[in-house]
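Right, one structure below, let's go through it.
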Amino acid sequence: MMHPGGERIQKRDKLLKRSKFLYLARYGHSVHNRYFVVAYCSNRFGRPRLGVTVTRKIGGAVVRNRLKRIVREYFRRHRHQIGESRDINVIAKKAAANVSTGQAFAALEYLFGKIREHTD
């Protein structure tokens with residue numbers, strides 16, 4: 001089934017292993033704003049891959065799952081603009097607990113713009 005606005009995120013487009021998240025934290029570059037920290041580095045797969053980290057200190061399961069859905073939806077809609085061959089981990093800050101979808105999209109647009117500037 002096609003989703004409005006593009007394809008669904010497939011398993012190959014996700015960061016799933018703890019070792020990849022730790023590698024990004026240790027060796028990746030990062031940019032941040034009030035709501036999110038984005039750690040990123042290049043990969044050898046020819047496509048951007050996404051990981052999302054939302055810890056329990058952010059809020060309950062409803063809040064955490066909502067933030068993960070927002071980040072995944074942003075990635076799904078804009079992955080063609082992100083560029084190729086990047087592993088990306090979006091980490092939510094506590095301030096993101098009460099963010100609206102529009103504010104979150106604006107914050108993510110700013111951060112992904114910074115990533116594009118860094119690599120262009």
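The chains in the structure tokens are called A, B, ... from first to last as shown; in each chain the residues are counted from 1, and the ligands are counted from 1 in the order shown.
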Check: Hey, what's within 8 Å of Ile82 of chain A if we count only C-alpha atoms and toss same-chain stuff fewer than 5 positions away? As a PyMOL selection string, please?
Finding: chain A and resi 48+112+116
Margin query: Which residues are close to segment 69-76 of chain A, i.e. within 8 Å by only C-alpha atoms, leaving aside same-chain residues fewer than 6 positions away? Reply as a ChimeraX atom specification.
Written below: /A:6-9,50,52,90,101,104-105,108
Any chance you could export the current selection's C-alpha atoms as a PDB file, in the first residue's frame?
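Now in out10.pdb:
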ATOM      1  CA  GLY A   6       5.725   8.747  -0.665  1.00  0.00           C
ATOM      2  CA  GLU A   7       6.759   5.230   0.153  1.00  0.00           C
ATOM      3  CA  ARG A   8       6.669   3.646   3.554  1.00  0.00           C
ATOM      4  CA  ILE A   9       9.890   3.302   5.502  1.00  0.00           C
ATOM      5  CA  LEU A  50      16.971   6.576  10.370  1.00  0.00           C
ATOM      6  CA  VAL A  52      14.932   7.480  16.680  1.00  0.00           C
ATOM      7  CA  VAL A  90      17.214  11.737  16.007  1.00  0.00           C
ATOM      8  CA  THR A 101       3.637  18.507  14.889  1.00  0.00           C
ATOM      9  CA  ALA A 104       8.576  19.512  15.364  1.00  0.00           C
ATOM     10  CA  PHE A 105       8.638  19.545  11.554  1.00  0.00           C
ATOM     11  CA  LEU A 108      13.663  18.942  12.071  1.00  0.00           C
TER      12      LEU A 108
END
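For the set A:Ser30, A:Gln10, A:Ser42, A:Ser19, the residue with the smallest atom-to-atom gap to Glu84 of chain A is A:Ser42, counting only C-alpha atoms.
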Next item on the list: Mind the document's chain letters and residue numbers, and return as a PyMOL selection string the residues of segment 44-112 of chain A that DSSP labels helix (DSSP H, G or I).
Entry: chain A and resi 56-58+61-82+94-98+101-112
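Remark: for His29 of chain A, the closest of the candidate residues A:Cys41, A:Lys68, A:Arg77, A:Gly102 is A:Cys41 (distances computed over only C-alpha atoms).
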Notebook entry, point to check: So which residues touch Lys94 of chain A within 12 Å, counting only C-alpha atoms, skipping near sequence neighbours fewer than 2 positions away, as a PyMOL selection string?
Noted result: chain A and resi 33-37+53-60+63-64+67+91-92+96-99
Could you save the residues just selected, with C-alpha atoms, as a PDB file, in the first residue's frame?
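Writing done, so here's out_8.pdb:
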ATOM      1  CA  ASN A  33      18.133  22.773  18.720  1.00  0.00           C
ATOM      2  CA  ARG A  34      15.581  23.141  21.501  1.00  0.00           C
ATOM      3  CA  TYR A  35      13.700  19.919  20.746  1.00  0.00           C
ATOM      4  CA  PHE A  36      16.103  17.453  19.122  1.00  0.00           C
ATOM      5  CA  VAL A  37      19.709  16.353  18.752  1.00  0.00           C
ATOM      6  CA  THR A  53      15.758   7.678  20.387  1.00  0.00           C
ATOM      7  CA  VAL A  54      13.126   8.862  22.859  1.00  0.00           C
ATOM      8  CA  THR A  55      13.952   8.014  26.468  1.00  0.00           C
ATOM      9  CA  ARG A  56      11.500   7.468  29.315  1.00  0.00           C
ATOM     10  CA  LYS A  57      12.464  10.771  30.929  1.00  0.00           C
ATOM     11  CA  ILE A  58      10.643  12.492  28.035  1.00  0.00           C
ATOM     12  CA  GLY A  59       7.274  11.113  29.110  1.00  0.00           C
ATOM     13  CA  GLY A  60       4.991   8.130  29.051  1.00  0.00           C
ATOM     14  CA  VAL A  63       4.243  10.842  24.347  1.00  0.00           C
ATOM     15  CA  ARG A  64       7.258   8.789  23.271  1.00  0.00           C
ATOM     16  CA  LEU A  67       7.353  11.781  18.934  1.00  0.00           C
ATOM     17  CA  ILE A  91      17.269  12.072  19.807  1.00  0.00           C
ATOM     18  CA  ALA A  92      14.348  13.850  21.468  1.00  0.00           C
ATOM     19  CA  ALA A  96       9.931  17.959  22.755  1.00  0.00           C
ATOM     20  CA  ALA A  97       7.291  16.340  24.985  1.00  0.00           C
ATOM     21  CA  ASN A  98       4.795  19.155  24.371  1.00  0.00           C
ATOM     22  CA  VAL A  99       5.795  20.168  20.860  1.00  0.00           C
TER      23      VAL A  99
END
Next item on the list: Please run DSSP on the backbone and report, as a PyMOL selection string, all residues within chain A that come out as strand (DSSP E).
Entry: chain A and resi 29-32+36-42+49-53+86-92
Store the residues picked out above, limited to N, CA and C atoms, as a short mmCIF file (atom, residue, chain, number, x, y, z; two decimals), in the first residue's frame.
data_model
loop_
_atom_site.label_atom_id
_atom_site.label_comp_id
_atom_site.auth_asym_id
_atom_site.auth_seq_id
_atom_site.Cartn_x
_atom_site.Cartn_y
_atom_site.Cartn_z
N HIS A 29 28.88 13.19 13.73
CA HIS A 29 28.72 14.62 13.96
C HIS A 29 27.33 14.83 14.55
N SER A 30 27.11 15.99 15.17
CA SER A 30 25.77 16.24 15.70
C SER A 30 25.41 17.72 15.57
N VAL A 31 24.12 17.95 15.43
CA VAL A 31 23.54 19.28 15.45
C VAL A 31 22.34 19.21 16.38
N HIS A 32 21.98 20.35 16.94
CA HIS A 32 20.87 20.32 17.90
C HIS A 32 20.12 21.64 17.90
N PHE A 36 15.46 18.68 19.59
CA PHE A 36 16.10 17.45 19.12
C PHE A 36 17.62 17.61 19.02
N VAL A 37 18.30 16.48 19.12
CA VAL A 37 19.71 16.35 18.75
C VAL A 37 19.73 15.36 17.60
N VAL A 38 20.47 15.69 16.54
CA VAL A 38 20.59 14.77 15.41
C VAL A 38 22.06 14.40 15.26
N ALA A 39 22.35 13.11 15.46
CA ALA A 39 23.69 12.58 15.24
C ALA A 39 23.70 11.91 13.87
N TYR A 40 24.76 12.13 13.10
CA TYR A 40 24.79 11.59 11.75
C TYR A 40 26.22 11.29 11.31
N CYS A 41 26.34 10.37 10.40
CA CYS A 41 27.61 10.08 9.74
C CYS A 41 27.31 9.40 8.41
N SER A 42 28.31 9.30 7.58
CA SER A 42 28.10 8.67 6.27
C SER A 42 28.00 7.15 6.45
N ARG A 49 19.53 6.22 6.40
CA ARG A 49 18.88 5.30 7.34
C ARG A 49 18.60 6.08 8.62
N LEU A 50 17.45 5.81 9.23
CA LEU A 50 16.97 6.58 10.37
C LEU A 50 16.90 5.73 11.62
N GLY A 51 17.32 6.32 12.73
CA GLY A 51 17.10 5.77 14.05
C GLY A 51 16.46 6.87 14.89
N VAL A 52 15.60 6.50 15.82
CA VAL A 52 14.93 7.48 16.68
C VAL A 52 15.12 7.04 18.12
N THR A 53 15.57 7.96 18.97
CA THR A 53 15.76 7.68 20.39
C THR A 53 14.90 8.64 21.20
N ARG A 86 23.71 8.34 4.48
CA ARG A 86 23.86 8.86 5.83
C ARG A 86 23.09 7.99 6.81
N ASP A 87 23.71 7.72 7.95
CA ASP A 87 23.00 7.15 9.08
C ASP A 87 22.65 8.31 9.99
N ILE A 88 21.40 8.37 10.42
CA ILE A 88 20.90 9.50 11.20
C ILE A 88 20.17 8.98 12.42
N ASN A 89 20.52 9.52 13.59
CA ASN A 89 19.78 9.21 14.81
C ASN A 89 19.20 10.51 15.35
N VAL A 90 17.89 10.57 15.45
CA VAL A 90 17.21 11.74 16.01
C VAL A 90 16.91 11.43 17.47
N ILE A 91 17.44 12.25 18.37
CA ILE A 91 17.27 12.07 19.81
C ILE A 91 16.38 13.20 20.32
N ALA A 92 15.28 12.84 20.95
CA ALA A 92 14.35 13.85 21.47
C ALA A 92 14.85 14.39 22.80
#
